[in-house]
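Next comes data.txt, a file with compact mmCIF, C-alpha atoms.
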# COMPACT_ATOMS: atom_id res chain seq x y z
CA MET A 23 105.78 98.80 74.11
CA LYS A 24 105.85 95.29 75.54
CA TYR A 25 109.22 94.01 76.65
CA ALA A 26 110.73 90.75 77.88
CA ILE A 27 114.05 90.63 79.75
CA THR A 28 116.51 87.81 80.40
CA THR A 29 119.40 88.32 82.82
CA LEU A 30 122.54 86.22 82.95
CA GLY A 31 125.36 86.28 85.47
CA CYS A 32 125.83 88.00 88.79
CA LYS A 33 123.68 89.91 91.26
CA MET A 34 125.08 93.11 89.77
CA ASN A 35 123.34 92.25 86.50
CA GLN A 36 120.16 91.50 88.42
CA PHE A 37 120.39 94.92 90.07
CA GLU A 38 120.86 96.64 86.72
CA THR A 39 118.01 94.70 85.12
CA GLN A 40 115.56 95.77 87.83
CA ALA A 41 116.76 99.37 87.41
CA MET A 42 116.08 99.16 83.66
CA GLU A 43 112.64 97.68 84.40
CA GLN A 44 111.86 100.61 86.68
CA LEU A 45 112.83 103.06 83.93
CA LEU A 46 110.80 101.18 81.30
CA GLN A 47 107.70 101.01 83.47
CA GLN A 48 107.99 104.68 84.47
CA HIS A 49 107.82 105.42 80.75
CA GLY A 50 104.64 103.38 80.33
CA HIS A 51 106.07 100.14 78.93
CA THR A 52 104.82 96.75 80.18
CA PRO A 53 106.55 93.42 80.84
CA THR A 54 105.32 90.28 79.11
CA SER A 55 106.15 86.59 79.09
CA ALA A 56 103.51 85.57 76.56
CA GLY A 57 105.73 85.54 73.48
CA ASP A 58 104.26 88.80 72.16
CA ALA A 59 107.07 91.16 73.14
CA ASP A 60 107.94 94.10 70.92
CA VAL A 61 111.52 94.01 72.21
CA VAL A 62 113.57 91.31 73.91
CA ILE A 63 116.34 92.60 76.16
CA VAL A 64 119.26 90.38 77.17
CA ASN A 65 121.57 91.55 79.95
CA THR A 66 124.60 89.40 79.22
CA CYS A 67 127.56 87.90 81.09
CA ALA A 68 131.11 87.24 79.92
CA VAL A 69 132.89 85.98 83.04
CA THR A 70 133.69 82.69 81.24
CA ALA A 71 133.49 81.34 77.70
CA GLU A 72 130.47 79.33 78.85
CA SER A 73 128.77 82.54 79.98
CA GLY A 74 129.30 83.97 76.51
CA ARG A 75 127.77 80.87 74.94
CA LYS A 76 124.74 81.14 77.20
CA SER A 77 124.38 84.83 76.35
CA ARG A 78 124.33 84.08 72.62
CA GLN A 79 121.88 81.25 73.21
CA ALA A 80 119.57 83.54 75.22
CA VAL A 81 119.36 86.10 72.40
CA ARG A 82 118.51 83.42 69.83
CA ARG A 83 115.95 81.76 72.11
CA MET A 84 114.14 84.98 72.97
CA LEU A 85 113.91 86.05 69.34
CA HIS A 86 112.53 82.61 68.47
CA GLU A 87 109.96 82.83 71.26
CA ASN A 88 108.96 86.39 70.26
CA PRO A 89 108.95 86.33 66.44
CA GLY A 90 107.70 89.91 66.11
CA ALA A 91 110.34 91.41 68.40
CA PHE A 92 113.70 93.06 67.89
CA ALA A 93 116.65 92.36 70.20
CA ALA A 94 118.49 94.79 72.46
CA VAL A 95 121.67 93.53 74.13
CA CYS A 96 123.74 94.99 76.96
CA GLY A 97 126.18 93.72 79.57
CA CYS A 98 129.69 92.34 79.74
CA PHE A 99 129.39 90.03 76.71
CA SER A 100 128.45 92.87 74.37
CA GLN A 101 131.04 95.13 76.07
CA ILE A 102 133.81 92.69 75.17
CA ASP A 103 132.49 91.77 71.70
CA PRO A 104 129.87 94.19 70.34
CA ALA A 105 130.35 92.91 66.78
CA GLU A 106 129.27 89.43 67.83
CA ALA A 107 126.20 90.88 69.54
CA GLU A 108 125.33 92.68 66.30
CA ALA A 109 125.85 89.44 64.37
CA LEU A 110 123.17 87.80 66.51
CA GLY A 111 120.69 90.27 65.03
CA ALA A 112 120.57 92.75 67.91
CA ARG A 113 119.26 96.15 66.82
CA VAL A 114 120.52 97.92 69.94
CA VAL A 115 123.93 97.00 71.39
CA TYR A 116 125.37 98.63 74.51
CA GLY A 117 128.10 97.45 76.86
CA SER A 118 128.28 97.27 80.66
CA GLY A 119 127.54 100.96 81.33
CA GLU A 120 125.01 103.71 80.61
CA ARG A 121 121.89 101.76 81.51
CA ALA A 122 119.59 104.80 81.38
CA ARG A 123 120.94 105.71 77.95
CA PHE A 124 120.44 102.11 76.82
CA VAL A 125 116.76 102.25 77.81
CA ALA A 126 116.37 105.47 75.82
CA ALA A 127 118.02 103.81 72.81
CA VAL A 128 115.60 100.89 73.05
CA GLU A 129 112.66 103.31 73.06
CA ARG A 130 114.03 105.12 70.00
CA ALA A 131 114.60 101.85 68.18
CA ALA A 132 110.98 100.83 68.80
CA ALA A 133 109.53 104.20 67.80
CA GLU A 134 111.73 104.94 64.80
CA GLN A 135 112.69 101.43 63.62
CA THR A 136 116.34 102.36 63.93
CA GLY A 137 119.31 100.76 65.60
CA GLU A 138 122.29 101.86 67.68
CA THR A 139 125.59 100.39 68.85
CA ARG A 140 127.37 102.26 71.63
CA VAL A 141 130.19 100.73 73.67
CA ASP A 142 132.46 102.98 75.70
CA ASP A 143 135.90 102.46 77.25
CA PRO A 144 135.22 101.19 80.80
CA PHE A 145 138.58 102.49 82.05
CA ARG A 146 137.45 106.04 81.29
CA ARG A 147 134.50 105.76 83.67
CA MET A 148 135.30 107.93 86.66
CA GLU A 149 132.00 107.79 88.58
CA ILE A 150 129.36 105.20 89.25
CA GLU A 151 126.12 105.58 87.32
CA ARG A 152 123.21 106.52 89.60
CA LEU A 153 120.51 103.88 89.23
CA PRO A 154 117.56 103.13 91.53
CA GLY A 155 117.71 100.13 93.82
CA GLY A 156 114.79 97.72 93.87
CA ALA A 157 113.63 94.23 92.95
CA LEU A 158 113.37 92.24 89.75
CA HIS A 159 109.78 91.86 88.53
CA GLY A 160 107.97 89.49 90.90
CA ARG A 161 110.76 89.32 93.51
CA THR A 162 110.58 90.15 97.22
CA ARG A 163 114.12 91.26 98.07
CA ALA A 164 115.62 94.52 96.85
CA TYR A 165 119.10 95.05 95.43
CA LEU A 166 121.20 98.06 96.39
CA ARG A 167 124.38 98.53 94.38
CA ILE A 168 127.09 100.38 96.27
CA GLU A 169 130.03 99.79 93.89
CA ASP A 170 131.00 98.98 90.31
CA GLY A 171 134.27 97.80 88.76
CA CYS A 172 137.19 95.67 89.95
CA ASP A 173 140.92 96.23 90.44
CA ASN A 174 141.93 92.60 91.14
CA PHE A 175 142.85 91.43 87.61
CA CYS A 176 142.73 87.72 88.46
CA THR A 177 144.28 85.64 85.70
CA TYR A 178 141.03 83.84 84.84
CA CYS A 179 138.76 86.89 84.81
CA VAL A 180 137.82 89.40 82.13
CA ILE A 181 135.54 91.52 84.32
CA PRO A 182 137.97 94.42 85.01
CA TYR A 183 138.26 94.87 81.25
CA ALA A 184 134.47 94.83 80.92
CA ARG A 185 133.61 96.95 83.96
CA GLY A 186 136.61 99.19 84.58
CA ARG A 187 138.10 100.29 87.90
CA VAL A 188 136.39 100.46 91.30
CA ARG A 189 133.81 103.23 91.56
CA SER A 190 131.80 103.70 94.76
CA LEU A 191 128.42 105.24 95.56
CA PRO A 192 128.93 108.00 98.17
CA LEU A 193 127.76 107.15 101.69
CA ALA A 194 124.98 109.74 101.67
CA ASP A 195 123.54 108.16 98.51
CA VAL A 196 123.89 104.65 99.96
CA ALA A 197 121.88 105.71 103.03
CA ALA A 198 119.27 107.53 100.95
CA GLU A 199 118.70 104.52 98.69
CA ALA A 200 118.41 102.17 101.68
CA ALA A 201 115.88 104.47 103.34
CA ARG A 202 113.85 104.67 100.13
CA LEU A 203 113.75 100.88 99.76
CA ALA A 204 112.69 100.47 103.39
CA ALA A 205 109.96 103.07 102.93
CA GLU A 206 108.67 101.09 99.95
CA GLY A 207 108.22 98.12 102.28
CA PHE A 208 111.10 95.83 101.34
CA ARG A 209 112.01 93.53 104.22
CA GLU A 210 115.38 92.47 102.81
CA ILE A 211 118.05 94.54 101.05
CA VAL A 212 120.92 92.82 99.23
CA VAL A 213 124.04 94.99 99.16
CA THR A 214 125.84 94.24 95.94
CA GLY A 215 128.51 95.34 93.48
CA ILE A 216 131.14 93.80 91.25
CA GLU A 217 133.71 93.73 94.08
CA ILE A 218 132.38 95.40 97.22
CA ALA A 219 135.42 94.76 99.46
CA PRO A 220 137.34 97.86 98.23
CA TYR A 221 134.28 100.09 98.52
CA GLY A 222 135.33 103.69 99.12
CA LYS A 223 138.93 103.54 97.90
CA ASP A 224 138.06 105.93 95.06
CA LEU A 225 136.10 108.34 97.26
CA ARG A 226 139.20 109.31 99.25
CA ASP A 227 137.12 110.32 102.26
CA GLY A 228 138.18 107.50 104.56
CA SER A 229 134.99 105.49 104.12
CA GLY A 230 135.08 101.73 103.65
CA LEU A 231 132.78 98.76 103.29
CA ALA A 232 131.96 98.62 107.01
CA ASP A 233 130.80 102.25 106.81
CA ALA A 234 128.58 101.51 103.82
CA LEU A 235 127.00 98.49 105.53
CA SER A 236 126.42 100.54 108.68
CA ALA A 237 124.76 103.24 106.58
CA VAL A 238 122.36 100.68 105.08
CA THR A 239 121.47 99.02 108.38
CA GLU A 240 120.87 102.35 110.12
CA ALA A 241 118.81 103.80 107.26
CA ALA A 242 116.68 100.63 107.05
CA PRO A 243 116.54 99.31 110.65
CA ASP A 244 113.44 97.17 110.04
CA ALA A 245 114.87 95.43 106.97
CA ARG A 246 117.35 92.63 107.12
CA VAL A 247 120.53 93.36 105.18
CA ARG A 248 122.25 90.64 103.16
CA ILE A 249 125.85 91.18 102.09
CA GLY A 250 127.00 90.26 98.59
CA SER A 251 130.17 88.32 97.82
CA LEU A 252 133.15 89.22 100.02
CA GLU A 253 136.88 88.96 99.49
CA PRO A 254 138.35 87.27 102.59
CA THR A 255 140.92 90.08 102.86
CA VAL A 256 138.24 92.51 104.06
CA ILE A 257 137.32 90.35 107.06
CA THR A 258 139.16 91.73 110.07
CA GLU A 259 138.46 91.97 113.79
CA GLU A 260 137.36 95.60 113.33
CA PHE A 261 135.11 94.72 110.37
CA CYS A 262 133.39 91.95 112.32
CA ALA A 263 132.94 94.19 115.37
CA VAL A 264 131.19 96.84 113.28
CA LEU A 265 128.87 94.30 111.66
CA ALA A 266 128.06 92.57 114.95
CA ALA A 267 126.74 95.87 116.30
CA HIS A 268 123.91 95.74 113.73
CA PRO A 269 121.39 92.96 114.44
CA ASN A 270 119.74 93.29 111.03
CA ILE A 271 122.89 92.10 109.20
CA CYS A 272 122.11 88.59 107.92
CA ARG A 273 124.32 85.92 109.46
CA HIS A 274 125.23 84.63 106.01
CA PHE A 275 128.58 85.44 104.44
CA HIS A 276 129.48 84.46 100.89
CA LEU A 277 133.23 84.38 100.30
CA SER A 278 135.26 84.28 97.11
CA LEU A 279 137.55 81.27 97.62
CA GLN A 280 138.18 79.79 94.10
CA SER A 281 140.67 77.12 95.26
CA GLY A 282 141.80 75.39 98.43
CA CYS A 283 145.36 74.99 97.17
CA ASP A 284 147.96 77.73 97.68
CA SER A 285 149.88 77.14 94.44
CA VAL A 286 146.62 77.37 92.45
CA LEU A 287 145.63 80.55 94.29
CA ARG A 288 148.98 82.09 93.33
CA ALA A 289 148.45 81.08 89.68
CA MET A 290 145.02 82.71 89.84
CA HIS A 291 146.59 85.91 91.24
CA ARG A 292 144.36 85.81 94.28
CA HIS A 293 145.46 88.05 97.15
CA TYR A 294 145.38 85.51 100.02
CA ASP A 295 146.37 81.95 100.82
CA THR A 296 144.44 79.18 102.55
CA ALA A 297 145.80 80.16 105.98
CA ALA A 298 144.53 83.73 105.58
CA PHE A 299 141.19 82.45 104.30
CA ALA A 300 140.85 80.09 107.28
CA ALA A 301 141.64 82.97 109.64
CA SER A 302 138.81 84.97 108.04
CA THR A 303 136.26 82.18 108.47
CA ALA A 304 137.38 81.64 112.07
CA LEU A 305 136.77 85.33 112.78
CA LEU A 306 133.29 85.18 111.26
CA ARG A 307 132.38 82.08 113.26
CA ARG A 308 133.64 83.62 116.47
CA TRP A 309 131.69 86.86 116.01
CA PHE A 310 128.60 85.24 114.45
CA PRO A 311 128.11 81.78 115.96
CA GLY A 312 126.10 79.46 113.73
CA CYS A 313 126.42 81.72 110.69
CA ALA A 314 126.25 80.23 107.21
CA LEU A 315 129.48 80.45 105.24
CA THR A 316 129.25 79.84 101.50
CA ALA A 317 131.84 80.20 98.76
CA ASP A 318 132.69 80.05 95.07
CA LEU A 319 135.18 77.51 93.74
CA ILE A 320 136.74 76.83 90.33
CA ALA A 321 137.70 73.21 89.61
CA GLY A 322 140.28 72.21 87.01
CA PHE A 323 142.27 75.45 86.75
CA PRO A 324 145.22 75.21 84.31
CA GLY A 325 148.11 73.36 85.89
CA GLU A 326 145.99 71.98 88.74
CA THR A 327 147.30 68.48 89.55
CA GLU A 328 145.52 65.63 91.27
CA GLU A 329 147.55 66.45 94.37
CA ASN A 330 146.31 70.05 94.18
CA MET A 331 142.76 68.74 93.88
CA GLN A 332 143.23 66.63 97.00
CA GLU A 333 144.58 69.68 98.85
CA THR A 334 141.44 71.58 97.90
CA LEU A 335 139.12 68.80 99.06
CA THR A 336 140.99 68.51 102.36
CA PHE A 337 140.80 72.27 102.92
CA LEU A 338 137.09 72.38 102.10
CA ARG A 339 136.39 69.73 104.74
CA THR A 340 138.06 71.89 107.38
CA GLN A 341 135.86 74.86 106.44
CA ARG A 342 132.47 73.14 106.78
CA PHE A 343 130.72 75.39 104.27
CA ALA A 344 126.95 75.61 104.30
CA ALA A 345 126.98 75.62 100.50
CA LEU A 346 129.41 75.93 97.59
CA HIS A 347 128.98 77.34 94.09
CA VAL A 348 131.24 75.10 92.00
CA PHE A 349 132.30 75.80 88.42
CA PRO A 350 134.55 73.77 86.12
CA TYR A 351 137.20 76.13 84.78
CA SER A 352 136.09 77.70 81.51
CA PRO A 353 138.82 79.57 79.61
CA ARG A 354 137.95 83.12 78.66
CA PRO A 355 139.84 84.32 75.55
CA GLY A 356 141.98 87.33 76.37
CA THR A 357 142.76 86.31 79.95
CA LYS A 358 146.19 85.13 81.12
CA ALA A 359 144.83 81.81 82.32
CA ALA A 360 143.54 80.93 78.85
CA ALA A 361 147.14 80.89 77.59
CA MET A 362 148.63 79.04 80.55
CA PRO A 363 150.16 75.58 80.08
CA GLY A 364 148.55 72.56 81.67
CA GLN A 365 145.02 73.06 80.32
CA LEU A 366 142.84 70.13 81.44
CA SER A 367 140.34 68.35 79.25
CA ARG A 368 136.68 69.23 79.60
CA ALA A 369 135.99 65.71 80.90
CA GLU A 370 138.63 66.04 83.62
CA LYS A 371 137.40 69.48 84.68
CA GLU A 372 133.83 68.24 84.91
CA THR A 373 134.94 65.18 86.87
CA ARG A 374 136.78 67.36 89.38
CA ALA A 375 133.85 69.73 89.67
CA ALA A 376 131.57 66.74 90.33
CA ARG A 377 133.86 65.57 93.15
CA VAL A 378 133.71 69.00 94.77
CA LYS A 379 129.93 69.16 94.31
CA ALA A 380 129.55 65.78 96.02
CA LEU A 381 131.48 67.07 99.03
CA ALA A 382 129.49 70.31 98.92
CA ALA A 383 126.25 68.32 99.08
CA GLU A 384 127.51 66.51 102.18
CA MET A 385 128.42 69.78 103.89
CA HIS A 386 125.11 71.36 102.88
CA ARG A 387 123.15 68.47 104.39
CA ALA A 388 125.21 68.70 107.58
CA TYR A 389 124.48 72.42 107.89
CA LEU A 390 120.77 71.85 107.27
CA GLU A 391 120.64 69.10 109.88
CA ALA A 392 122.26 71.47 112.37
CA GLN A 393 119.18 73.72 111.99
CA LEU A 394 116.74 71.03 113.21
CA GLY A 395 114.86 72.20 116.27
CA LYS A 396 115.83 75.84 115.77
CA THR A 397 113.46 78.71 115.09
CA LEU A 398 114.46 80.74 112.04
CA PRO A 399 112.97 83.98 110.66
CA VAL A 400 111.88 83.29 107.08
CA LEU A 401 111.05 85.80 104.35
CA PHE A 402 108.32 84.06 102.33
CA GLU A 403 108.55 84.48 98.58
CA THR A 404 106.51 81.93 96.59
CA GLU A 405 103.91 79.19 96.85
CA GLU A 406 104.76 75.96 95.08
CA ASP A 407 103.23 72.46 95.19
CA GLY A 408 101.21 73.29 98.28
CA PHE A 409 104.19 74.76 100.17
CA TRP A 410 104.96 78.36 100.95
CA GLN A 411 108.71 78.81 100.72
CA GLY A 412 111.32 81.45 101.38
CA HIS A 413 114.79 81.99 102.75
CA ALA A 414 115.92 82.22 106.34
CA GLU A 415 118.43 84.79 107.50
CA ASN A 416 121.19 82.20 106.90
CA TYR A 417 119.87 81.75 103.32
CA CYS A 418 118.58 78.23 103.91
CA LEU A 419 115.48 77.49 101.83
CA VAL A 420 112.53 76.84 104.15
CA ARG A 421 109.15 75.34 103.21
CA VAL A 422 105.93 75.19 105.23
CA ARG A 423 102.51 73.64 104.62
CA ALA A 424 100.62 76.55 106.08
CA ARG A 425 99.11 79.83 105.06
CA ALA A 426 101.76 82.47 104.62
CA ALA A 427 102.06 85.78 102.84
CA ARG A 428 104.53 86.83 100.21
CA GLY A 429 107.04 89.38 101.49
CA VAL A 430 106.28 88.74 105.17
CA ILE A 431 108.87 87.49 107.67
CA GLN A 432 107.65 84.74 110.01
CA ASN A 433 109.42 82.67 112.63
CA VAL A 434 109.45 79.01 111.63
CA LYS A 435 110.27 76.04 113.87
CA ILE A 436 112.47 73.71 111.81
CA LEU A 437 111.28 70.11 111.98
CA ARG A 438 113.04 68.20 109.20
CA CYS A 439 115.22 68.50 106.09
CA ASP A 440 115.58 66.60 102.84
CA GLY A 441 119.17 67.51 102.02
CA GLU A 442 118.17 70.51 99.90
CA ALA A 443 115.63 72.42 101.98
CA LEU A 444 114.27 72.75 105.51
CA PHE A 445 110.66 72.06 106.47
CA GLY A 446 108.90 73.51 109.45
CA ALA A 447 105.84 75.15 111.01
CA PRO A 448 105.29 78.89 111.50
CA GLU A 449 105.37 80.04 115.10
CA GLN A 450 104.31 83.68 114.87
CA GLN A 451 103.92 86.30 112.19
CA ASP A 452 105.96 89.48 111.89
CA SER A 453 103.68 92.47 111.72
CA GLY A 454 105.45 94.00 108.72
CA GLY A 455 104.68 93.45 105.05
CA GLN A 456 106.33 94.11 101.73
CA THR A 457 105.14 95.58 98.50
CA GLY A 458 107.83 94.46 96.05

Let me see the structure of the file written as structure tokens.
Amino acid sequence: MKYAITTLGCKMNQFETQAMEQLLQQHGHTPTSAGDADVVIVNTCAVTAESGRKSRQAVRRMLHENPGAFAAVCGCFSQIDPAEAEALGARVVYGSGERARFVAAVERAAAEQTGETRVDDPFRRMEIERLPGGALHGRTRAYLRIEDGCDNFCTYCVIPYARGRVRSLPLADVAAEAARLAAEGFREIVVTGIEIAPYGKDLRDGSGLADALSAVTEAAPDARVRIGSLEPTVITEEFCAVLAAHPNICRHFHLSLQSGCDSVLRAMHRHYDTAAFAASTALLRRWFPGCALTADLIAGFPGETEENMQETLTFLRTQRFAALHVFPYSPRPGTKAAAMPGQLSRAEKETRAARVKALAAEMHRAYLEAQLGKTLPVLFETEEDGFWQGHAENYCLVRVRARAARGVIQNVKILRCDGEALFGAPEQQDSGGQTG
């Protein structure tokens, strides 16, 4: 069976897609991008209404590009609305869980020309599904999922209803997966989950996120370890001290901010204010000088005034982020925020998002310029337009006009930047390689 997969949304979905690819290939099935797939698989997202639209669009596009294929859909979109997934013509519809069972259903559908819809209640999931870590087809960095689910119930977010409560991978399994990925030759491991900050709360053995990160770094000492999105509430003096003891932790921290205005944060039901967030970034900068701090931000939340917007812009300037992921607010039916008064027009939300993006571009250029003259270790990933390119430890994109090797870490002297990427010359080559 030939398959083609499209993944929307977060790193968690990327992790699950690569796990499904491993299962498919272990069973003798082959990936294709030539338009001759027997099945098209779409791993969907539902974090916003726009994500749902893109998920529907992806199913239609892939069926159009592969006219002889049937569709199999999984993920948060089909978890929330399986009937709509069926209406798109999907023969197999699963939700956000049971990935191994989903793969088996796809195989049955191909062999027997049958279909199946199976969507469970995410709040009845008591344990995390064991899935292998690894890389998406053609990628160089491996994903290791340590947690699933979320207990935050932010007013704009549907994910707890799609994923259920926090469920953690036991420490012994975390270490074993990290050791396996290192043995396979991966030079970078991305530790991910839906909401990794509360890792361990369900295990009731006293373990927390710092313990899980220590387990990964110690099991894979020759791989650099990149941390997924963090809630600022997890960043304490003790947390930073533990991380600083492990030199293979990447000095790049992505924080969930969402707004720089306290009244908007309260309306979002976030569990911190701007003062607490600023204290977290100050701790990170003190323990990890020169680290890259990046964040997510929603512009145009219901009830957000122009004064609130100005507060956010002022706060962002004080934080000097290396990069921002900016989204205009997109109401998700079924969330509290979708029914809140003060909904802004699409034009106003996009205008505000554009203002934040303009400031983000300024801060990104400033951070890139601060790298000039430095030597950064770069994991090379692809060759494009005569340049080898990859990401430094701080997640800056680096390009060189020199021979390099995919999956190898080299030290690169940074010579210039163009506002989006850094350019430099390799200094010396790391002796290690990578097979993924």

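In this structure, atom CA of Glu405 of chain A sits 14.5 Å away from atom CA of Ala443 of chain A.
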
At a cut-off of 9 Å, can you tabulate as a tab-separated table every residue of segment 149-255 of chain A near segment 62-69 of chain A together with its closest atom pair and the distance in Å to one decimal, using all atoms listed in the file and ordering rows by chain then number?
residue	atom	partner	partner_atom	distance
A:Tyr178	CA	A:Val69	CA	8.6
A:Cys179	CA	A:Val69	CA	6.2
A:Val180	CA	A:Val69	CA	6.1
A:Ile181	CA	A:Val69	CA	6.3
A:Ala184	CA	A:Ala68	CA	8.4

Neighbour list for Arg226 of chain A as a list in words, cut-off 12 Å, only C-alpha atoms, skip fewer than 4 positions in-chain: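 Everything that qualifies: Arg189, Ser190, Pro192, Leu193, Pro220, Tyr221, Gly222 and Gly230 of chain A.
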
Write the selection just made, keeping C-alpha atoms, as a PDB file, keeping the file's coordinate frame?
ATOM      1  CA  ARG A 189     133.810 103.230  91.560  1.00  0.00           C
ATOM      2  CA  SER A 190     131.800 103.700  94.760  1.00  0.00           C
ATOM      3  CA  PRO A 192     128.930 108.000  98.170  1.00  0.00           C
ATOM      4  CA  LEU A 193     127.760 107.150 101.690  1.00  0.00           C
ATOM      5  CA  PRO A 220     137.340  97.860  98.230  1.00  0.00           C
ATOM      6  CA  TYR A 221     134.280 100.090  98.520  1.00  0.00           C
ATOM      7  CA  GLY A 222     135.330 103.690  99.120  1.00  0.00           C
ATOM      8  CA  GLY A 230     135.080 101.730 103.650  1.00  0.00           C
TER       9      GLY A 230
END

Nearest candidate to Arg354 of chain A (options A:Leu315, A:Leu85, A:Leu110, A:Cys176; using only C-alpha atoms):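 That would be A:Cys176, the residue with the smallest distance to Arg354 of chain A.
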
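Using all atoms listed in the file, the shortest contact distance between Ala93 of chain A and any of A:Arg113, A:Lys358, A:Arg248, A:Arg78 is found at A:Arg113.
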
Test item: residues at most 9 Å from Ala414 of chain A, only C-alpha atoms, excluding those fewer than 3 positions along its chain, as a list in words: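 Residues meeting the cut-off are Leu398, Pro399, Val400, Leu401, Phe402, Tyr417, Cys418, Leu419, Val420, Ile431 and Val434 of chain A.
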
Produce a file of the selected residues containing C-alpha atoms, as a PDB file, in the coordinates of the input.
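In the end it all went to out-v9.pdb:
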ATOM      1  CA  LEU A 398     114.460  80.740 112.040  1.00  0.00           C
ATOM      2  CA  PRO A 399     112.970  83.980 110.660  1.00  0.00           C
ATOM      3  CA  VAL A 400     111.880  83.290 107.080  1.00  0.00           C
ATOM      4  CA  LEU A 401     111.050  85.800 104.350  1.00  0.00           C
ATOM      5  CA  PHE A 402     108.320  84.060 102.330  1.00  0.00           C
ATOM      6  CA  TYR A 417     119.870  81.750 103.320  1.00  0.00           C
ATOM      7  CA  CYS A 418     118.580  78.230 103.910  1.00  0.00           C
ATOM      8  CA  LEU A 419     115.480  77.490 101.830  1.00  0.00           C
ATOM      9  CA  VAL A 420     112.530  76.840 104.150  1.00  0.00           C
ATOM     10  CA  ILE A 431     108.870  87.490 107.670  1.00  0.00           C
ATOM     11  CA  VAL A 434     109.450  79.010 111.630  1.00  0.00           C
TER      12      VAL A 434
END

Separation of atom CA of Ser281 of chain A from atom CA of Thr214 of chain A, in Å and rounded to one decimal: 22.7 Å

Test item: residues at most 12 Å from Arg146 of chain A, all atoms listed in the file, excluding those fewer than 5 positions along its chain, as a list of chain:residue names: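 Result of the neighbour search: A:Gly119, A:Val141, A:Gly171, A:Tyr183, A:Ala184, A:Arg185, A:Gly186, A:Arg187, A:Val188, A:Arg189.
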
For the selection you just gave me, I'd like the residues written to a file as an mmCIF file, in the coordinates of the input, keeping C-alpha atoms.
data_model
loop_
_atom_site.group_PDB
_atom_site.id
_atom_site.type_symbol
_atom_site.label_atom_id
_atom_site.label_comp_id
_atom_site.auth_asym_id
_atom_site.auth_seq_id
_atom_site.Cartn_x
_atom_site.Cartn_y
_atom_site.Cartn_z
ATOM 1 C CA GLY A 119 127.540 100.960 81.330
ATOM 2 C CA VAL A 141 130.190 100.730 73.670
ATOM 3 C CA GLY A 171 134.270 97.800 88.760
ATOM 4 C CA TYR A 183 138.260 94.870 81.250
ATOM 5 C CA ALA A 184 134.470 94.830 80.920
ATOM 6 C CA ARG A 185 133.610 96.950 83.960
ATOM 7 C CA GLY A 186 136.610 99.190 84.580
ATOM 8 C CA ARG A 187 138.100 100.290 87.900
ATOM 9 C CA VAL A 188 136.390 100.460 91.300
ATOM 10 C CA ARG A 189 133.810 103.230 91.560
#

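Interatomic distance, atom CA of Pro89 of chain A against atom CA of Ala132 of chain A: 14.8 Å.
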
List every residue of segment 220-266 of chain A that has an atom at most 12 Å from any atom of segment 283-294 of chain A, giving for each one its closest atom pair and the distance in Å to one decimal, counting only C-alpha atoms, sorted by chain and then by ascending residue number, as a Markdown table.
| residue | atom | partner | partner_atom | distance |
| --- | --- | --- | --- | --- |
| A:Glu253 | CA | A:His293 | CA | 8.9 |
| A:Pro254 | CA | A:Tyr294 | CA | 7.7 |
| A:Thr255 | CA | A:Tyr294 | CA | 7.0 |
| A:Val256 | CA | A:Tyr294 | CA | 10.8 |
| A:Ile257 | CA | A:Tyr294 | CA | 11.7 |

Exercise: segment 263-279 of chain A partners within 7 Å, all atoms listed in the file, chain neighbours under 3 positions left out, as a count of residues only: 27

Pick from A:Thr136, A:Ser229, A:Asn35, A:Gln341, whichever lies nearest to Asp170 of chain A using all atoms listed in the file: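 So, comparing all the options, the nearest one is A:Asn35.
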
With 4 Å added on each side, what axis-aligned box encloses every listed atom of segment 137-154 of chain A? Give the centre and edge lengths in Å to one decimal, as JSON.
{"center_x": 128.1, "center_y": 104.2, "center_z": 78.6, "size_x": 29.0, "size_y": 15.5, "size_z": 33.9}

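The closest residue to Glu129 of chain A, picked from A:Glu240, A:Asp440, A:Asp60, A:Glu326 and counting all atoms listed in the file, is A:Asp60.
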
Answer as number ranges by chain, residues within 8 Å of (119.0, 93.6, 70.7) using only C-alpha atoms: A: 61-64, 81, 92-96, 107-108, 111-115

Neighbours of point (105.7, 96.9, 80.5) within 6 Å, using only C-alpha atoms, written as a count of residues only: 6

Of the listed residues A:Val212, A:Leu306, A:Leu203, A:Leu191, that which approaches Leu225 of chain A most closely, counting all atoms listed in the file: A:Leu191

Who sits within 6 Å of Ser118 of chain A, only C-alpha atoms, same chain under 4 positions skipped, as an MDAnalysis selection string: chainID A and resid 97:98 101

Option closest in space to Gln280 of chain A, from A:Phe445, A:Tyr165, A:Phe261, A:Tyr351 [counting all atoms listed in the file]: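 Once distances to Gln280 of chain A are computed over all atoms listed in the file, the minimum belongs to A:Tyr351.
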